[in-house]
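Here is the file structure_15.cif (mmCIF, C-alpha atoms).
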```cif
data_input
#
loop_
_atom_site.label_atom_id
_atom_site.label_comp_id
_atom_site.auth_asym_id
_atom_site.auth_seq_id
_atom_site.Cartn_x
_atom_site.Cartn_y
_atom_site.Cartn_z
CA MET A 1 24.30 140.22 92.34
CA GLN A 2 24.60 136.43 91.88
CA ARG A 3 20.80 136.07 91.83
CA THR A 4 20.51 138.88 89.24
CA VAL A 5 23.07 137.16 87.02
CA LEU A 6 21.22 133.86 87.46
CA ILE A 7 17.92 135.47 86.42
CA LEU A 8 19.48 136.97 83.30
CA LEU A 9 21.12 133.67 82.34
CA VAL A 10 17.93 131.70 82.85
CA LEU A 11 15.85 134.15 80.84
CA THR A 12 18.41 134.38 78.05
CA TRP A 13 18.43 130.59 77.78
CA LEU A 14 14.65 130.53 77.68
CA ALA A 15 14.62 133.19 74.97
CA ILE A 16 16.54 130.89 72.62
CA SER A 17 14.96 127.63 73.75
CA GLY A 18 12.60 125.57 71.65
CA ASP A 19 9.58 126.73 73.66
CA ASP A 20 10.01 130.38 72.73
CA GLN A 21 11.18 129.48 69.23
CA GLY A 22 7.87 127.69 68.81
CA ALA A 23 5.97 130.71 70.12
CA LEU A 24 7.70 132.91 67.58
CA ALA A 25 6.90 130.47 64.78
CA ALA A 26 3.27 130.52 65.88
CA GLY A 27 3.15 134.23 65.09
CA GLN A 28 3.26 135.57 68.63
CA GLY A 29 5.53 138.47 67.78
CA PRO A 30 9.20 139.38 68.05
CA ASP A 31 9.02 139.83 71.83
CA ALA A 32 8.96 136.04 72.15
CA ALA A 33 12.64 135.96 71.11
CA ARG A 34 13.75 138.52 73.71
CA PRO A 35 14.64 137.91 77.35
CA LEU A 36 12.11 139.06 79.89
CA GLU A 37 13.21 142.02 81.97
CA VAL A 38 13.24 141.45 85.73
CA VAL A 39 13.69 144.49 87.97
CA LYS A 40 13.52 144.95 91.73
CA VAL A 41 11.20 147.91 92.30
CA ALA A 42 11.31 148.34 96.08
CA GLY A 43 11.02 146.29 99.25
CA GLN A 44 9.67 142.84 98.44
CA VAL A 45 8.27 143.76 95.03
CA HIS A 46 9.78 142.99 91.64
CA LEU A 47 8.63 143.69 88.08
CA ILE A 48 8.59 141.26 85.16
CA ALA A 49 8.21 142.88 81.74
CA GLY A 50 8.07 141.31 78.30
CA ASP A 51 4.86 139.28 78.10
CA GLY A 52 2.17 141.87 77.44
CA GLY A 53 1.27 143.94 80.48
CA HIS A 54 3.65 144.26 83.40
CA ILE A 55 3.61 141.59 86.12
CA ALA A 56 4.39 142.57 89.73
CA VAL A 57 5.87 139.92 92.03
CA GLN A 58 5.86 140.13 95.83
CA VAL A 59 8.06 137.49 97.46
CA GLY A 60 8.41 136.32 101.04
CA PRO A 61 8.09 133.34 103.39
CA ASP A 62 4.33 132.97 102.89
CA GLY A 63 4.72 132.51 99.16
CA VAL A 64 4.52 134.58 95.98
CA VAL A 65 1.81 137.15 95.25
CA LEU A 66 1.48 138.23 91.63
CA VAL A 67 -0.35 141.23 90.27
CA ASP A 68 -1.49 140.24 86.77
CA SER A 69 -0.12 137.34 84.75
CA GLY A 70 0.82 138.86 81.41
CA ALA A 71 -0.58 138.01 78.00
CA GLY A 72 0.12 134.29 78.37
CA ARG A 73 2.35 134.01 75.31
CA ARG A 74 5.48 133.41 77.41
CA SER A 75 4.16 131.87 80.62
CA SER A 76 6.99 129.32 80.79
CA ALA A 77 9.55 132.13 80.83
CA VAL A 78 7.46 134.05 83.38
CA LEU A 79 7.37 131.01 85.67
CA ALA A 80 11.14 130.56 85.32
CA ALA A 81 11.64 134.20 86.31
CA ILE A 82 9.41 133.76 89.36
CA GLU A 83 11.29 130.60 90.39
CA ALA A 84 14.56 132.53 90.17
CA LEU A 85 13.12 135.10 92.60
CA SER A 86 11.58 132.67 95.10
CA ASP A 87 11.35 128.96 95.84
CA ARG A 88 7.97 129.43 97.52
CA PRO A 89 4.63 128.60 95.83
CA ILE A 90 2.57 131.18 93.95
CA ARG A 91 -0.35 131.89 96.30
CA TYR A 92 -2.33 134.65 94.59
CA ILE A 93 -2.75 136.26 91.20
CA ILE A 94 -4.48 139.62 91.62
CA ASN A 95 -5.87 140.97 88.34
CA THR A 96 -6.11 144.73 87.80
CA SER A 97 -8.60 144.40 84.90
CA ALA A 98 -10.01 141.90 82.41
CA HIS A 99 -7.69 143.11 79.66
CA ALA A 100 -6.08 140.18 77.83
CA ASP A 101 -2.60 141.67 78.38
CA HIS A 102 -3.10 141.23 82.13
CA VAL A 103 -5.10 138.00 82.48
CA GLY A 104 -3.93 135.95 79.49
CA GLY A 105 -1.45 134.01 81.61
CA ASN A 106 -3.86 133.28 84.47
CA ALA A 107 -4.51 129.63 83.65
CA ALA A 108 -0.91 128.56 83.04
CA VAL A 109 0.62 130.57 85.87
CA ALA A 110 -2.08 129.68 88.41
CA ALA A 111 -1.72 125.97 87.61
CA ALA A 112 1.90 126.14 88.76
CA GLY A 113 0.91 127.62 92.14
CA GLU A 114 -0.77 126.46 95.31
CA ALA A 115 -3.42 128.46 97.12
CA LEU A 116 -3.28 128.89 100.86
CA GLY A 117 -5.56 126.25 102.33
CA GLY A 118 -5.94 124.47 99.00
CA GLY A 119 -8.62 126.81 97.67
CA GLY A 120 -7.20 127.83 94.31
CA GLY A 121 -9.64 125.81 92.29
CA ALA A 122 -7.39 125.09 89.32
CA THR A 123 -7.49 121.30 89.67
CA ALA A 124 -8.75 118.91 92.34
CA ALA A 125 -9.43 121.62 94.89
CA GLY A 126 -9.45 120.31 98.42
CA VAL A 127 -7.96 116.89 97.63
CA ALA A 128 -5.18 116.05 100.04
CA GLY A 129 -1.72 116.05 98.49
CA VAL A 130 -2.93 117.47 95.17
CA ARG A 131 -1.64 120.82 93.92
CA THR A 132 -4.72 123.03 93.55
CA GLY A 133 -3.35 126.09 91.80
CA ALA A 134 -3.01 129.69 92.93
CA ALA A 135 -6.08 131.72 93.86
CA ARG A 136 -7.15 134.41 91.38
CA LEU A 137 -8.54 137.62 92.86
CA ALA A 138 -10.26 140.42 90.93
CA HIS A 139 -13.17 142.84 91.03
CA GLU A 140 -16.51 141.16 90.37
CA ASN A 141 -16.84 142.94 87.00
CA VAL A 142 -13.64 141.24 85.87
CA LEU A 143 -15.15 137.87 86.77
CA LEU A 144 -18.32 138.75 84.86
CA ARG A 145 -16.42 139.84 81.76
CA MET A 146 -14.12 136.82 81.75
CA SER A 147 -16.86 134.24 82.39
CA ALA A 148 -19.69 135.78 80.31
CA PRO A 149 -22.51 134.53 82.58
CA HIS A 150 -25.37 135.64 80.33
CA GLY A 151 -25.15 132.79 77.86
CA GLU A 152 -22.62 134.10 75.34
CA PRO A 153 -19.33 132.21 74.83
CA ALA A 154 -16.79 133.01 77.55
CA PRO A 155 -13.75 134.91 76.20
CA PHE A 156 -11.40 133.07 78.58
CA PRO A 157 -11.20 129.43 79.75
CA GLU A 158 -12.61 128.63 83.16
CA ALA A 159 -9.12 127.93 84.53
CA ALA A 160 -8.30 131.63 83.99
CA TRP A 161 -11.37 133.03 85.77
CA PRO A 162 -11.02 134.69 89.19
CA THR A 163 -11.72 132.30 92.05
CA GLU A 164 -12.34 135.20 94.44
CA ALA A 165 -14.13 138.47 93.67
CA PHE A 166 -14.59 141.69 95.63
CA ILE A 167 -16.77 144.77 95.23
CA ASP A 168 -15.10 147.81 96.83
CA ARG A 169 -11.79 146.68 98.31
CA LYS A 170 -9.99 143.60 99.57
CA ASN A 171 -7.33 143.56 102.28
CA LEU A 172 -4.67 140.87 102.58
CA TYR A 173 -1.67 140.41 104.86
CA LEU A 174 1.05 138.22 103.39
CA ASN A 175 4.82 138.07 103.73
CA GLY A 176 4.70 140.52 106.64
CA GLU A 177 3.08 143.17 104.48
CA ALA A 178 -0.38 144.72 104.25
CA ILE A 179 -1.80 144.51 100.72
CA GLN A 180 -4.78 146.65 99.74
CA VAL A 181 -6.71 145.95 96.55
CA ILE A 182 -8.92 148.95 95.73
CA HIS A 183 -11.55 149.25 93.01
CA MET A 184 -11.24 152.23 90.65
CA PRO A 185 -14.70 152.58 89.06
CA ALA A 186 -15.11 153.70 85.45
CA ALA A 187 -11.46 154.41 84.64
CA HIS A 188 -9.99 152.15 81.91
CA SER A 189 -13.08 149.99 82.47
CA ASP A 190 -15.59 149.30 85.22
CA GLY A 191 -13.43 146.60 86.80
CA ASP A 192 -10.08 148.30 87.37
CA ALA A 193 -8.20 147.79 90.61
CA VAL A 194 -4.97 149.14 92.07
CA VAL A 195 -2.85 147.05 94.42
CA PHE A 196 -0.93 148.78 97.20
CA PHE A 197 1.96 146.94 98.89
CA ARG A 198 2.18 149.15 101.94
CA ARG A 199 5.50 148.16 103.54
CA SER A 200 7.29 148.13 100.19
CA ASP A 201 5.50 151.40 99.26
CA VAL A 202 4.70 150.14 95.77
CA MET A 203 1.40 150.54 93.93
CA VAL A 204 0.51 148.47 90.89
CA ILE A 205 -1.92 150.53 88.83
CA GLY A 206 -2.52 148.41 85.74
CA HIS A 207 -4.15 149.80 82.61
CA ILE A 208 -5.07 153.09 84.31
CA VAL A 209 -1.63 154.33 83.25
CA ASP A 210 0.40 153.38 80.18
CA THR A 211 3.45 155.59 79.85
CA THR A 212 3.97 154.49 76.24
CA ARG A 213 0.70 155.99 74.95
CA PHE A 214 -2.46 157.88 75.85
CA PRO A 215 -4.55 155.98 78.42
CA VAL A 216 -6.80 153.28 77.00
CA ILE A 217 -10.41 154.12 77.89
CA ASP A 218 -12.88 151.36 77.02
CA VAL A 219 -16.19 153.23 77.02
CA GLU A 220 -18.15 150.11 76.00
CA LYS A 221 -16.86 148.32 79.11
CA GLY A 222 -17.64 151.11 81.53
CA GLY A 223 -14.56 153.27 81.17
CA SER A 224 -14.76 157.07 81.12
CA ILE A 225 -12.46 160.06 80.93
CA GLN A 226 -13.78 161.44 84.22
CA GLY A 227 -13.33 158.08 85.93
CA GLU A 228 -9.77 157.96 84.58
CA ILE A 229 -9.04 161.40 86.03
CA ASP A 230 -10.70 160.49 89.34
CA ALA A 231 -8.48 157.40 89.57
CA LEU A 232 -5.36 159.42 88.76
CA ASN A 233 -6.27 162.01 91.39
CA PHE A 234 -6.76 159.25 93.97
CA LEU A 235 -3.35 157.79 93.15
CA VAL A 236 -1.66 161.21 93.25
CA GLU A 237 -3.06 161.77 96.74
CA LEU A 238 -2.06 158.30 97.96
CA ALA A 239 1.49 158.33 96.55
CA ILE A 240 4.21 160.01 98.63
CA PRO A 241 7.06 161.94 96.96
CA PRO A 242 10.58 161.72 98.44
CA THR A 243 10.33 165.10 100.17
CA PRO A 244 12.13 166.92 101.73
CA LEU A 245 15.24 165.09 100.43
CA VAL A 246 14.08 165.16 96.84
CA TRP A 247 17.56 164.42 95.44
CA GLN A 248 17.57 160.99 97.07
CA PRO A 249 15.80 157.91 95.65
CA GLY A 250 12.64 156.92 97.44
CA GLY A 251 8.97 157.66 97.71
CA THR A 252 6.08 155.60 96.43
CA GLN A 253 6.83 153.62 93.29
CA LEU A 254 4.00 153.02 90.81
CA ILE A 255 4.02 150.16 88.31
CA PRO A 256 1.88 150.98 85.25
CA GLY A 257 0.32 148.54 82.80
CA ARG A 258 3.17 149.22 80.38
CA GLY A 259 6.16 151.53 80.34
CA HIS A 260 8.55 152.80 82.99
CA VAL A 261 7.97 152.77 86.76
CA LEU A 262 6.69 156.13 87.98
CA GLU A 263 7.07 158.30 91.04
CA GLN A 264 4.44 160.74 92.25
CA ALA A 265 5.78 163.63 90.16
CA ASP A 266 5.54 161.52 87.01
CA LEU A 267 1.97 160.63 87.88
CA VAL A 268 1.07 164.29 88.39
CA GLU A 269 2.41 165.09 84.92
CA TYR A 270 0.39 162.23 83.37
CA ARG A 271 -2.74 163.31 85.27
CA ASP A 272 -2.32 166.90 84.11
CA MET A 273 -1.95 165.76 80.49
CA VAL A 274 -5.17 163.74 80.62
CA THR A 275 -7.03 166.57 82.35
CA ILE A 276 -5.91 169.15 79.78
CA VAL A 277 -7.04 166.96 76.89
CA ARG A 278 -10.38 166.40 78.64
CA ASP A 279 -10.85 170.13 79.11
CA VAL A 280 -9.99 170.95 75.49
CA VAL A 281 -12.39 168.33 74.12
CA GLN A 282 -15.09 169.50 76.52
CA HIS A 283 -14.61 173.09 75.32
CA LEU A 284 -14.88 172.04 71.69
CA ILE A 285 -18.05 170.05 72.39
CA GLY A 286 -19.46 173.13 74.07
CA LYS A 287 -18.94 174.99 70.79
CA GLY A 288 -21.13 172.44 69.05
CA MET A 289 -18.36 170.59 67.22
CA THR A 290 -18.87 167.10 65.87
CA LEU A 291 -16.41 164.28 66.55
CA GLU A 292 -14.77 164.79 63.16
CA GLN A 293 -14.38 168.52 63.84
CA VAL A 294 -12.89 167.79 67.24
CA GLN A 295 -10.43 165.36 65.64
CA GLU A 296 -9.40 168.02 63.10
CA ALA A 297 -8.82 170.52 65.93
CA GLU A 298 -6.11 168.20 67.36
CA PRO A 299 -6.96 168.47 71.07
CA THR A 300 -3.91 166.36 71.97
CA ALA A 301 -1.47 168.85 70.37
CA GLY A 302 1.59 169.21 72.57
CA TYR A 303 1.34 165.62 73.79
CA THR A 304 0.95 163.66 70.55
CA ARG A 305 4.66 163.32 69.92
CA ARG A 306 5.20 161.71 73.30
CA TYR A 307 2.06 159.59 73.71
CA GLY A 308 0.43 159.48 70.29
CA ALA A 309 0.31 156.81 67.59
CA ASP A 310 -1.13 156.66 64.08
CA SER A 311 -1.25 152.84 63.99
CA GLY A 312 -1.51 149.91 66.36
CA SER A 313 -4.12 148.79 68.84
CA TRP A 314 -4.62 152.25 70.39
CA THR A 315 -4.14 155.36 68.28
CA THR A 316 -4.46 159.05 69.05
CA ARG A 317 -7.73 159.22 67.13
CA MET A 318 -9.13 156.33 69.18
CA PHE A 319 -8.21 158.13 72.39
CA VAL A 320 -9.88 161.38 71.28
CA GLU A 321 -12.96 159.42 70.19
CA ALA A 322 -13.14 157.74 73.61
CA VAL A 323 -12.85 161.10 75.39
CA TYR A 324 -15.54 162.59 73.13
CA ALA A 325 -17.90 159.62 73.55
CA SER A 326 -17.38 159.61 77.31
CA LEU A 327 -18.18 163.32 77.64
CA MET A 328 -21.21 163.07 75.36
CA LYS A 329 -22.44 160.12 77.40
CA ARG A 330 -22.35 162.34 80.49
CA GLY A 331 -24.52 164.89 78.66
CA THR A 332 -21.81 167.53 78.26
CA ARG A 333 -22.89 170.17 75.75
#
```
Kindly present the structure from the file in structure tokens form.
Amino acid sequence: MQRTVLILLVLTWLAISGDDQGALAAGQGPDAARPLEVVKVAGQVHLIAGDGGHIAVQVGPDGVVLVDSGAGRRSSAVLAAIEALSDRPIRYIINTSAHADHVGGNAAVAAAGEALGGGGGATAAGVAGVRTGAARLAHENVLLRMSAPHGEPAPFPEAAWPTEAFIDRKNLYLNGEAIQVIHMPAAHSDGDAVVFFRRSDVMVIGHIVDTTRFPVIDVEKGGSIQGEIDALNFLVELAIPPTPLVWQPGGTQLIPGRGHVLEQADLVEYRDMVTIVRDVVQHLIGKGMTLEQVQEAEPTAGYTRRYGADSGSWTTRMFVEAVYASLMKRGTR
């Protein structure tokens, strides 16, 4: 209880401090004036919300493991929240995608950490007595998208790039807990990963699920509606509901990219919604309808009030267009 009060006091102070006042003046949005929300999810895993995408924090004697680093607009407040949870160094930042909401804080947050063995690569890697920064781990497609190796300007500074990349999966064991990082091909993008903290029974699922809107499917970056459904089915099978004592809290907890923490039943409902929309759009395509005709048929009817939006960075029409484009790309007729 004392630590919770301390966290809230620290974050409230930061919300009215000059640093966040300056961020607000710089046009970084009203969220910069609000305290971050820090919640214990289960076991050794906490959630920090309020700087873009959700940040998961695993704490223990080996150090701090983060999943994603937020948008980077409020990294000083994020670091203060982490310090209130643990006095150990940040060892890893595991990125679930290359989306700016999840990697924007990589450089600032990693610079405050210290990789195991001095291999973080932020500054002066390998120099005795010099803080080297936390390691950044992501799927190789995230590294490629962040570094732009084909000659075009890189969308992120080098200090934000992953220092370690994997192809299929990566296994870690830190703070007495097995951590599995598993690639989810062609879901939100071609570089998505989910992170499973096995002892805590918490999965961090990134942009694959956003409970505040329809899932963001970036077709241009390798995302697809079928890959999204495949990823959701995988997560449904891996998550454990609190049966047979369903009235008691428990079961696998799933941290989405944005929105509330889910249990398996919530994930099933979200999966079913996405699958139904896919099937409706596929049926309309089979009738020879154009994209505009599909839009007019409102294939998201029944779910639009809960997940839809007419404005913002991801609207209902954008979601339907992504589903349509994804199915047409697969040759569905």
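In this comparison, which uses only C-alpha atoms, the residue of A:Asn106, A:Ala98, A:Leu291, A:Gly63 approaching A:Glu83 most closely is A:Gly63.
You can rank A:Ile205, A:Ala77, A:Val64, A:Ala71 by their closest distance to A:Gly113 using all atoms listed in the file, and at the top of that list sits A:Val64.
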Expected selection from the PyMOL selection byres ((chain A and resi 181-187) around 8), given as a PDB file with C-alpha atoms, keeping the file's coordinate frame:
```pdb
ATOM      1  CA  HIS A 139     -13.170 142.840  91.030  1.00  0.00           C
ATOM      2  CA  ILE A 167     -16.770 144.770  95.230  1.00  0.00           C
ATOM      3  CA  ASP A 168     -15.100 147.810  96.830  1.00  0.00           C
ATOM      4  CA  ARG A 169     -11.790 146.680  98.310  1.00  0.00           C
ATOM      5  CA  LYS A 170      -9.990 143.600  99.570  1.00  0.00           C
ATOM      6  CA  ASN A 171      -7.330 143.560 102.280  1.00  0.00           C
ATOM      7  CA  ILE A 179      -1.800 144.510 100.720  1.00  0.00           C
ATOM      8  CA  GLN A 180      -4.780 146.650  99.740  1.00  0.00           C
ATOM      9  CA  HIS A 188      -9.990 152.150  81.910  1.00  0.00           C
ATOM     10  CA  SER A 189     -13.080 149.990  82.470  1.00  0.00           C
ATOM     11  CA  ASP A 190     -15.590 149.300  85.220  1.00  0.00           C
ATOM     12  CA  GLY A 191     -13.430 146.600  86.800  1.00  0.00           C
ATOM     13  CA  ASP A 192     -10.080 148.300  87.370  1.00  0.00           C
ATOM     14  CA  ALA A 193      -8.200 147.790  90.610  1.00  0.00           C
ATOM     15  CA  VAL A 194      -4.970 149.140  92.070  1.00  0.00           C
ATOM     16  CA  VAL A 195      -2.850 147.050  94.420  1.00  0.00           C
ATOM     17  CA  PHE A 196      -0.930 148.780  97.200  1.00  0.00           C
ATOM     18  CA  ILE A 208      -5.070 153.090  84.310  1.00  0.00           C
ATOM     19  CA  ILE A 217     -10.410 154.120  77.890  1.00  0.00           C
ATOM     20  CA  GLY A 222     -17.640 151.110  81.530  1.00  0.00           C
ATOM     21  CA  GLY A 223     -14.560 153.270  81.170  1.00  0.00           C
ATOM     22  CA  SER A 224     -14.760 157.070  81.120  1.00  0.00           C
ATOM     23  CA  ILE A 225     -12.460 160.060  80.930  1.00  0.00           C
ATOM     24  CA  GLN A 226     -13.780 161.440  84.220  1.00  0.00           C
ATOM     25  CA  GLY A 227     -13.330 158.080  85.930  1.00  0.00           C
ATOM     26  CA  GLU A 228      -9.770 157.960  84.580  1.00  0.00           C
ATOM     27  CA  ILE A 229      -9.040 161.400  86.030  1.00  0.00           C
ATOM     28  CA  ASP A 230     -10.700 160.490  89.340  1.00  0.00           C
ATOM     29  CA  ALA A 231      -8.480 157.400  89.570  1.00  0.00           C
TER      30      ALA A 231
END
```
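Counting only C-alpha atoms, A:Pro241 has the following residues at most 9 Å away, ignoring those fewer than 2 positions along the same chain: Ala239, Thr243, Pro244, Val246, Gly250, Gly251, Thr252, Glu263, Gln264 and Ala265 of chain A.
Interatomic distance, atom CA of A:Met318 to atom CA of A:Pro215: 10.3 Å.
For the set A:Leu235, A:Leu116, A:Ala165, A:Ala81, the residue with the smallest atom-to-atom gap to A:Asp62 is A:Leu116, counting all atoms listed in the file.
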Report as an mmCIF file with C-alpha atoms, in the frame of the given file the residues that result from applying the PyMOL selection byres ((chain A and resi 296) around 12) to the structure here.
```
data_model
loop_
_atom_site.group_PDB
_atom_site.id
_atom_site.type_symbol
_atom_site.label_atom_id
_atom_site.label_comp_id
_atom_site.auth_asym_id
_atom_site.auth_seq_id
_atom_site.Cartn_x
_atom_site.Cartn_y
_atom_site.Cartn_z
ATOM 1 C CA VAL A 281 -12.390 168.330 74.120
ATOM 2 C CA LEU A 284 -14.880 172.040 71.690
ATOM 3 C CA MET A 289 -18.360 170.590 67.220
ATOM 4 C CA THR A 290 -18.870 167.100 65.870
ATOM 5 C CA LEU A 291 -16.410 164.280 66.550
ATOM 6 C CA GLU A 292 -14.770 164.790 63.160
ATOM 7 C CA GLN A 293 -14.380 168.520 63.840
ATOM 8 C CA VAL A 294 -12.890 167.790 67.240
ATOM 9 C CA GLN A 295 -10.430 165.360 65.640
ATOM 10 C CA ALA A 297 -8.820 170.520 65.930
ATOM 11 C CA GLU A 298 -6.110 168.200 67.360
ATOM 12 C CA PRO A 299 -6.960 168.470 71.070
ATOM 13 C CA THR A 300 -3.910 166.360 71.970
ATOM 14 C CA ALA A 301 -1.470 168.850 70.370
ATOM 15 C CA THR A 316 -4.460 159.050 69.050
ATOM 16 C CA ARG A 317 -7.730 159.220 67.130
ATOM 17 C CA VAL A 320 -9.880 161.380 71.280
ATOM 18 C CA GLU A 321 -12.960 159.420 70.190
#
```
If the box runs along x, y and z of the file and leaves 8 Å on each side of stretch 280-296 of chain A, what are its centre and edge lengths in Å, one decimal, as JSON?
```
{"center_x": -15.3, "center_y": 169.6, "center_z": 69.8, "size_x": 27.7, "size_y": 26.7, "size_z": 29.4}
```
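Take the candidates A:Pro35, A:Gly52, A:Gly302, A:Gly308 and check each one against A:His207 using all atoms listed in the file; the shortest distance goes to A:Gly52.
Atom pair atom CA of A:Arg306 / atom CA of A:Gln282 has a distance of 22.0 Å (rounded to one decimal).
Relative to atom CA of A:Leu262, atom CA of A:Ile82 is found at 22.6 Å.
Among A:Glu177, A:Leu79, A:Ala107, A:Ile255, the residue with the shortest atom-to-atom distance to A:Lys40, counting only C-alpha atoms, is A:Ile255.
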Residues of stretch 84-115 of chain A that have any atom at most 7 Å from an atom of stretch 65-68 of chain A: could you tabulate them with the shortest-distance atom pair and the distance in Å to one decimal, using only C-alpha atoms, ordered by chain and increasing number, as CSV?
```
residue,atom,partner,partner_atom,distance
A:Ile90,CA,A:Val65,CA,6.2
A:Arg91,CA,A:Val65,CA,5.8
A:Tyr92,CA,A:Val65,CA,4.9
A:Ile93,CA,A:Leu66,CA,4.7
A:Ile94,CA,A:Val67,CA,4.6
A:Asn95,CA,A:Asp68,CA,4.7
A:Thr96,CA,A:Asp68,CA,6.5
A:His102,CA,A:Asp68,CA,5.0
A:Val103,CA,A:Asp68,CA,6.0
```
Write out as a PDB file with C-alpha atoms, in the frame of the given file which residues come within 12 Å of A:His46 when counting only C-alpha atoms, dropping same-chain ones fewer than 4 positions away.
```
ATOM      1  CA  THR A   4      20.510 138.880  89.240  1.00  0.00           C
ATOM      2  CA  GLU A  37      13.210 142.020  81.970  1.00  0.00           C
ATOM      3  CA  VAL A  38      13.240 141.450  85.730  1.00  0.00           C
ATOM      4  CA  VAL A  39      13.690 144.490  87.970  1.00  0.00           C
ATOM      5  CA  LYS A  40      13.520 144.950  91.730  1.00  0.00           C
ATOM      6  CA  VAL A  41      11.200 147.910  92.300  1.00  0.00           C
ATOM      7  CA  ALA A  42      11.310 148.340  96.080  1.00  0.00           C
ATOM      8  CA  HIS A  54       3.650 144.260  83.400  1.00  0.00           C
ATOM      9  CA  ILE A  55       3.610 141.590  86.120  1.00  0.00           C
ATOM     10  CA  ALA A  56       4.390 142.570  89.730  1.00  0.00           C
ATOM     11  CA  VAL A  57       5.870 139.920  92.030  1.00  0.00           C
ATOM     12  CA  GLN A  58       5.860 140.130  95.830  1.00  0.00           C
ATOM     13  CA  VAL A  59       8.060 137.490  97.460  1.00  0.00           C
ATOM     14  CA  GLY A  60       8.410 136.320 101.040  1.00  0.00           C
ATOM     15  CA  VAL A  64       4.520 134.580  95.980  1.00  0.00           C
ATOM     16  CA  VAL A  65       1.810 137.150  95.250  1.00  0.00           C
ATOM     17  CA  LEU A  66       1.480 138.230  91.630  1.00  0.00           C
ATOM     18  CA  VAL A  67      -0.350 141.230  90.270  1.00  0.00           C
ATOM     19  CA  ALA A  81      11.640 134.200  86.310  1.00  0.00           C
ATOM     20  CA  ILE A  82       9.410 133.760  89.360  1.00  0.00           C
ATOM     21  CA  ALA A  84      14.560 132.530  90.170  1.00  0.00           C
ATOM     22  CA  LEU A  85      13.120 135.100  92.600  1.00  0.00           C
ATOM     23  CA  SER A  86      11.580 132.670  95.100  1.00  0.00           C
ATOM     24  CA  PHE A 197       1.960 146.940  98.890  1.00  0.00           C
ATOM     25  CA  SER A 200       7.290 148.130 100.190  1.00  0.00           C
ATOM     26  CA  VAL A 202       4.700 150.140  95.770  1.00  0.00           C
ATOM     27  CA  MET A 203       1.400 150.540  93.930  1.00  0.00           C
ATOM     28  CA  VAL A 204       0.510 148.470  90.890  1.00  0.00           C
ATOM     29  CA  GLN A 253       6.830 153.620  93.290  1.00  0.00           C
ATOM     30  CA  LEU A 254       4.000 153.020  90.810  1.00  0.00           C
ATOM     31  CA  ILE A 255       4.020 150.160  88.310  1.00  0.00           C
ATOM     32  CA  VAL A 261       7.970 152.770  86.760  1.00  0.00           C
TER      33      VAL A 261
END
```
